[in-house]
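These notes are about the structure you will find just below.
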Amino acid sequence: MPRPLKVLAFAGAQEIVGAAEFDWPLATACTVTEFVDAMCQRFTGLTAHRSSIRVAVNGQYAAGDERVLPGDEVALIPPVAGG
């Protein structure tokens with residue numbers, strides 16, 4: 001039985017998806033890019049921030065071609081303003 005991803009959403013991403021943490025079904029491995037595409041399709045408000053959202057897989061920043069596996073923890077990290 002596939003294990004869901006644990007998705008963490010921070011700052012503006014949390015506001016868009018409506019939760020700080022949720023499970024996302026994932027039957028087979030995908031790339032980070034495919035995962036973000038799926039998130040943008042489900043949560044259309046993320047699309048405007050697509051190019052600036054960073055993704056961490058299991059606590060490490062991940063590039064678009066890196067793999068996401070069932071059971072991983074994936075964080076959506078939008079840019080943070082401050083100073």
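In the structure tokens, chains take the letters A, B, ... in the order shown, each chain's residues start at 1, and ligands count up from 1 in the order shown.
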Identify, on the basis of only C-alpha atoms, every residue whose closest approach to Arg50 in chain A does not exceed 12 Å; exclude the query and any residue fewer than 3 positions from it along the same chain; express the result as a PDB file with N, CA and C atoms, in the first residue's frame.
ATOM      1  N   ALA A  13       2.393  29.983   1.238  1.00  0.00           N
ATOM      2  CA  ALA A  13       1.929  28.680   0.741  1.00  0.00           C
ATOM      3  C   ALA A  13       0.911  28.080   1.708  1.00  0.00           C
ATOM      4  N   THR A  33       9.649  18.684  -9.620  1.00  0.00           N
ATOM      5  CA  THR A  33       8.887  19.488 -10.579  1.00  0.00           C
ATOM      6  C   THR A  33       7.486  18.921 -10.777  1.00  0.00           C
ATOM      7  N   GLU A  34       7.363  17.613 -10.937  1.00  0.00           N
ATOM      8  CA  GLU A  34       6.051  16.990 -11.098  1.00  0.00           C
ATOM      9  C   GLU A  34       5.188  17.191  -9.861  1.00  0.00           C
ATOM     10  N   PHE A  35       5.805  17.093  -8.685  1.00  0.00           N
ATOM     11  CA  PHE A  35       5.073  17.318  -7.445  1.00  0.00           C
ATOM     12  C   PHE A  35       4.541  18.750  -7.377  1.00  0.00           C
ATOM     13  N   VAL A  36       5.393  19.729  -7.669  1.00  0.00           N
ATOM     14  CA  VAL A  36       4.965  21.131  -7.609  1.00  0.00           C
ATOM     15  C   VAL A  36       3.883  21.397  -8.653  1.00  0.00           C
ATOM     16  N   ASP A  37       4.021  20.798  -9.827  1.00  0.00           N
ATOM     17  CA  ASP A  37       2.976  20.942 -10.850  1.00  0.00           C
ATOM     18  C   ASP A  37       1.638  20.427 -10.322  1.00  0.00           C
ATOM     19  N   ALA A  38       1.659  19.288  -9.635  1.00  0.00           N
ATOM     20  CA  ALA A  38       0.436  18.716  -9.072  1.00  0.00           C
ATOM     21  C   ALA A  38      -0.138  19.629  -7.991  1.00  0.00           C
ATOM     22  N   MET A  39       0.736  20.207  -7.170  1.00  0.00           N
ATOM     23  CA  MET A  39       0.270  21.138  -6.132  1.00  0.00           C
ATOM     24  C   MET A  39      -0.378  22.368  -6.770  1.00  0.00           C
ATOM     25  N   CYS A  40       0.225  22.893  -7.833  1.00  0.00           N
ATOM     26  CA  CYS A  40      -0.319  24.072  -8.508  1.00  0.00           C
ATOM     27  C   CYS A  40      -1.650  23.756  -9.186  1.00  0.00           C
ATOM     28  N   GLN A  41      -1.786  22.530  -9.666  1.00  0.00           N
ATOM     29  CA  GLN A  41      -3.049  22.135 -10.285  1.00  0.00           C
ATOM     30  C   GLN A  41      -4.152  22.038  -9.229  1.00  0.00           C
ATOM     31  N   PHE A  43      -4.043  23.425  -6.046  1.00  0.00           N
ATOM     32  CA  PHE A  43      -4.157  24.710  -5.350  1.00  0.00           C
ATOM     33  C   PHE A  43      -3.729  25.803  -6.334  1.00  0.00           C
ATOM     34  N   THR A  44      -4.656  26.259  -7.134  1.00  0.00           N
ATOM     35  CA  THR A  44      -4.322  27.158  -8.240  1.00  0.00           C
ATOM     36  C   THR A  44      -3.668  28.468  -7.778  1.00  0.00           C
ATOM     37  N   GLY A  45      -3.879  28.865  -6.543  1.00  0.00           N
ATOM     38  CA  GLY A  45      -3.243  30.074  -6.028  1.00  0.00           C
ATOM     39  C   GLY A  45      -1.723  29.966  -5.971  1.00  0.00           C
ATOM     40  N   LEU A  46      -1.195  28.748  -5.945  1.00  0.00           N
ATOM     41  CA  LEU A  46       0.258  28.564  -5.937  1.00  0.00           C
ATOM     42  C   LEU A  46       0.886  28.883  -7.289  1.00  0.00           C
ATOM     43  N   THR A  47       0.097  28.827  -8.347  1.00  0.00           N
ATOM     44  CA  THR A  47       0.631  29.003  -9.697  1.00  0.00           C
ATOM     45  C   THR A  47       1.353  30.333  -9.863  1.00  0.00           C
ATOM     46  N   ILE A  53       8.830  29.289  -5.475  1.00  0.00           N
ATOM     47  CA  ILE A  53       8.679  28.350  -4.358  1.00  0.00           C
ATOM     48  C   ILE A  53       9.872  27.406  -4.323  1.00  0.00           C
ATOM     49  N   ARG A  54      10.484  27.312  -3.157  1.00  0.00           N
ATOM     50  CA  ARG A  54      11.548  26.326  -2.943  1.00  0.00           C
ATOM     51  C   ARG A  54      10.919  25.084  -2.341  1.00  0.00           C
ATOM     52  N   VAL A  55      11.519  23.950  -2.609  1.00  0.00           N
ATOM     53  CA  VAL A  55      11.017  22.681  -2.095  1.00  0.00           C
ATOM     54  C   VAL A  55      12.134  21.985  -1.340  1.00  0.00           C
ATOM     55  N   GLY A  64      14.613  20.500  -9.109  1.00  0.00           N
ATOM     56  CA  GLY A  64      13.435  20.035  -9.817  1.00  0.00           C
ATOM     57  C   GLY A  64      13.492  18.612 -10.316  1.00  0.00           C
ATOM     58  N   LEU A  76       6.941  23.041   1.190  1.00  0.00           N
ATOM     59  CA  LEU A  76       6.775  24.126   0.227  1.00  0.00           C
ATOM     60  C   LEU A  76       7.181  25.415   0.929  1.00  0.00           C
ATOM     61  N   ILE A  77       8.226  26.054   0.414  1.00  0.00           N
ATOM     62  CA  ILE A  77       8.787  27.220   1.076  1.00  0.00           C
ATOM     63  C   ILE A  77       8.788  28.399   0.117  1.00  0.00           C
ATOM     64  N   PRO A  78       7.847  29.321   0.284  1.00  0.00           N
ATOM     65  CA  PRO A  78       7.817  30.501  -0.574  1.00  0.00           C
ATOM     66  C   PRO A  78       8.922  31.481  -0.155  1.00  0.00           C
ATOM     67  N   PRO A  79       9.226  32.447  -1.017  1.00  0.00           N
ATOM     68  CA  PRO A  79      10.220  33.444  -0.615  1.00  0.00           C
ATOM     69  C   PRO A  79       9.737  34.213   0.601  1.00  0.00           C
TER      70      PRO A  79
END
For the atom pair CA of Asp72 in chain A and CA of Ala29 in chain A, what is the interatomic distance in Å to one decimal place?
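Computing the Euclidean distance for CA of Asp72 in chain A and CA of Ala29 in chain A yields 9.9 Å.
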CA of Val32 in chain A and CA of Ala63 in chain A, how far apart in Å?
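CA of Ala63 in chain A sits 6.8 Å away from CA of Val32 in chain A.
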When you count only C-alpha atoms, which of these residues is closest to Ser52 in chain A: A:Ala20, A:Leu26, A:Val68, A:Gly12?
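The answer is A:Gly12, which sits nearest to Ser52 in chain A.
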Leaving out Leu8 in chain A and any residue of its chain fewer than 3 positions from it, which residues lie within 9 Å of it when counting only C-alpha atoms, given as a PDB file with C-alpha atoms, in the first residue's frame?
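Listed below is the output, out-v4.pdb:
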ATOM      1  CA  GLN A  14       0.208  27.749   4.001  1.00  0.00           C
ATOM      2  CA  ALA A  19      -3.097  24.075   6.270  1.00  0.00           C
ATOM      3  CA  ALA A  20       0.394  23.956   7.732  1.00  0.00           C
ATOM      4  CA  GLU A  21       0.585  20.211   7.188  1.00  0.00           C
ATOM      5  CA  PHE A  22      -1.377  17.617   5.218  1.00  0.00           C
ATOM      6  CA  ASP A  23      -1.017  14.210   3.602  1.00  0.00           C
ATOM      7  CA  GLU A  73       8.273  14.722   3.845  1.00  0.00           C
ATOM      8  CA  VAL A  74       8.047  17.604   1.378  1.00  0.00           C
ATOM      9  CA  ALA A  75       8.058  21.266   2.377  1.00  0.00           C
ATOM     10  CA  LEU A  76       6.775  24.126   0.227  1.00  0.00           C
ATOM     11  CA  ILE A  77       8.787  27.220   1.076  1.00  0.00           C
TER      12      ILE A  77
END
Pairwise distance for CA of Glu66 in chain A and CA of Glu15 in chain A, rounded to one decimal in Å
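Computed distance, CA of Glu66 in chain A to CA of Glu15 in chain A, equals 25.9 Å.
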Check chain A with DSSP on the backbone and list each residue it calls strand (DSSP E), as number ranges by chain.
A: 5-9, 21-24, 30-31, 54-57, 60-61, 67-68, 73-77
Limited to C-alpha atoms, could you put the picked residues into a file as a CSV table (one decimal), in the first residue's frame?
chain,number,residue,atom,x,y,z
A,5,LEU,CA,3.6,12.3,1.4
A,6,LYS,CA,3.7,14.5,4.5
A,7,VAL,CA,3.5,18.0,3.0
A,8,LEU,CA,4.5,21.0,5.0
A,9,ALA,CA,3.4,24.5,3.8
A,21,GLU,CA,0.6,20.2,7.2
A,22,PHE,CA,-1.4,17.6,5.2
A,23,ASP,CA,-1.0,14.2,3.6
A,24,TRP,CA,-0.8,13.9,-0.2
A,30,CYS,CA,7.9,11.6,-9.1
A,31,THR,CA,10.2,14.5,-9.5
A,54,ARG,CA,11.5,26.3,-2.9
A,55,VAL,CA,11.0,22.7,-2.1
A,56,ALA,CA,12.7,20.6,0.6
A,57,VAL,CA,12.5,16.8,0.6
A,60,GLN,CA,17.1,19.1,2.3
A,61,TYR,CA,16.5,21.7,-0.4
A,67,ARG,CA,13.0,12.3,-6.8
A,68,VAL,CA,10.1,12.4,-4.3
A,73,GLU,CA,8.3,14.7,3.8
A,74,VAL,CA,8.0,17.6,1.4
A,75,ALA,CA,8.1,21.3,2.4
A,76,LEU,CA,6.8,24.1,0.2
A,77,ILE,CA,8.8,27.2,1.1
Non-local contacts of Ala27 in chain A (12 Å; only C-alpha atoms; under 6 positions in same chain excluded) as number ranges by chain:
A: 1-5, 68-72
As a PyMOL selection string, please: all residues of chain A that backbone DSSP puts in helix (DSSP H, G or I).
chain A and resi 11-17+32-42+44-49
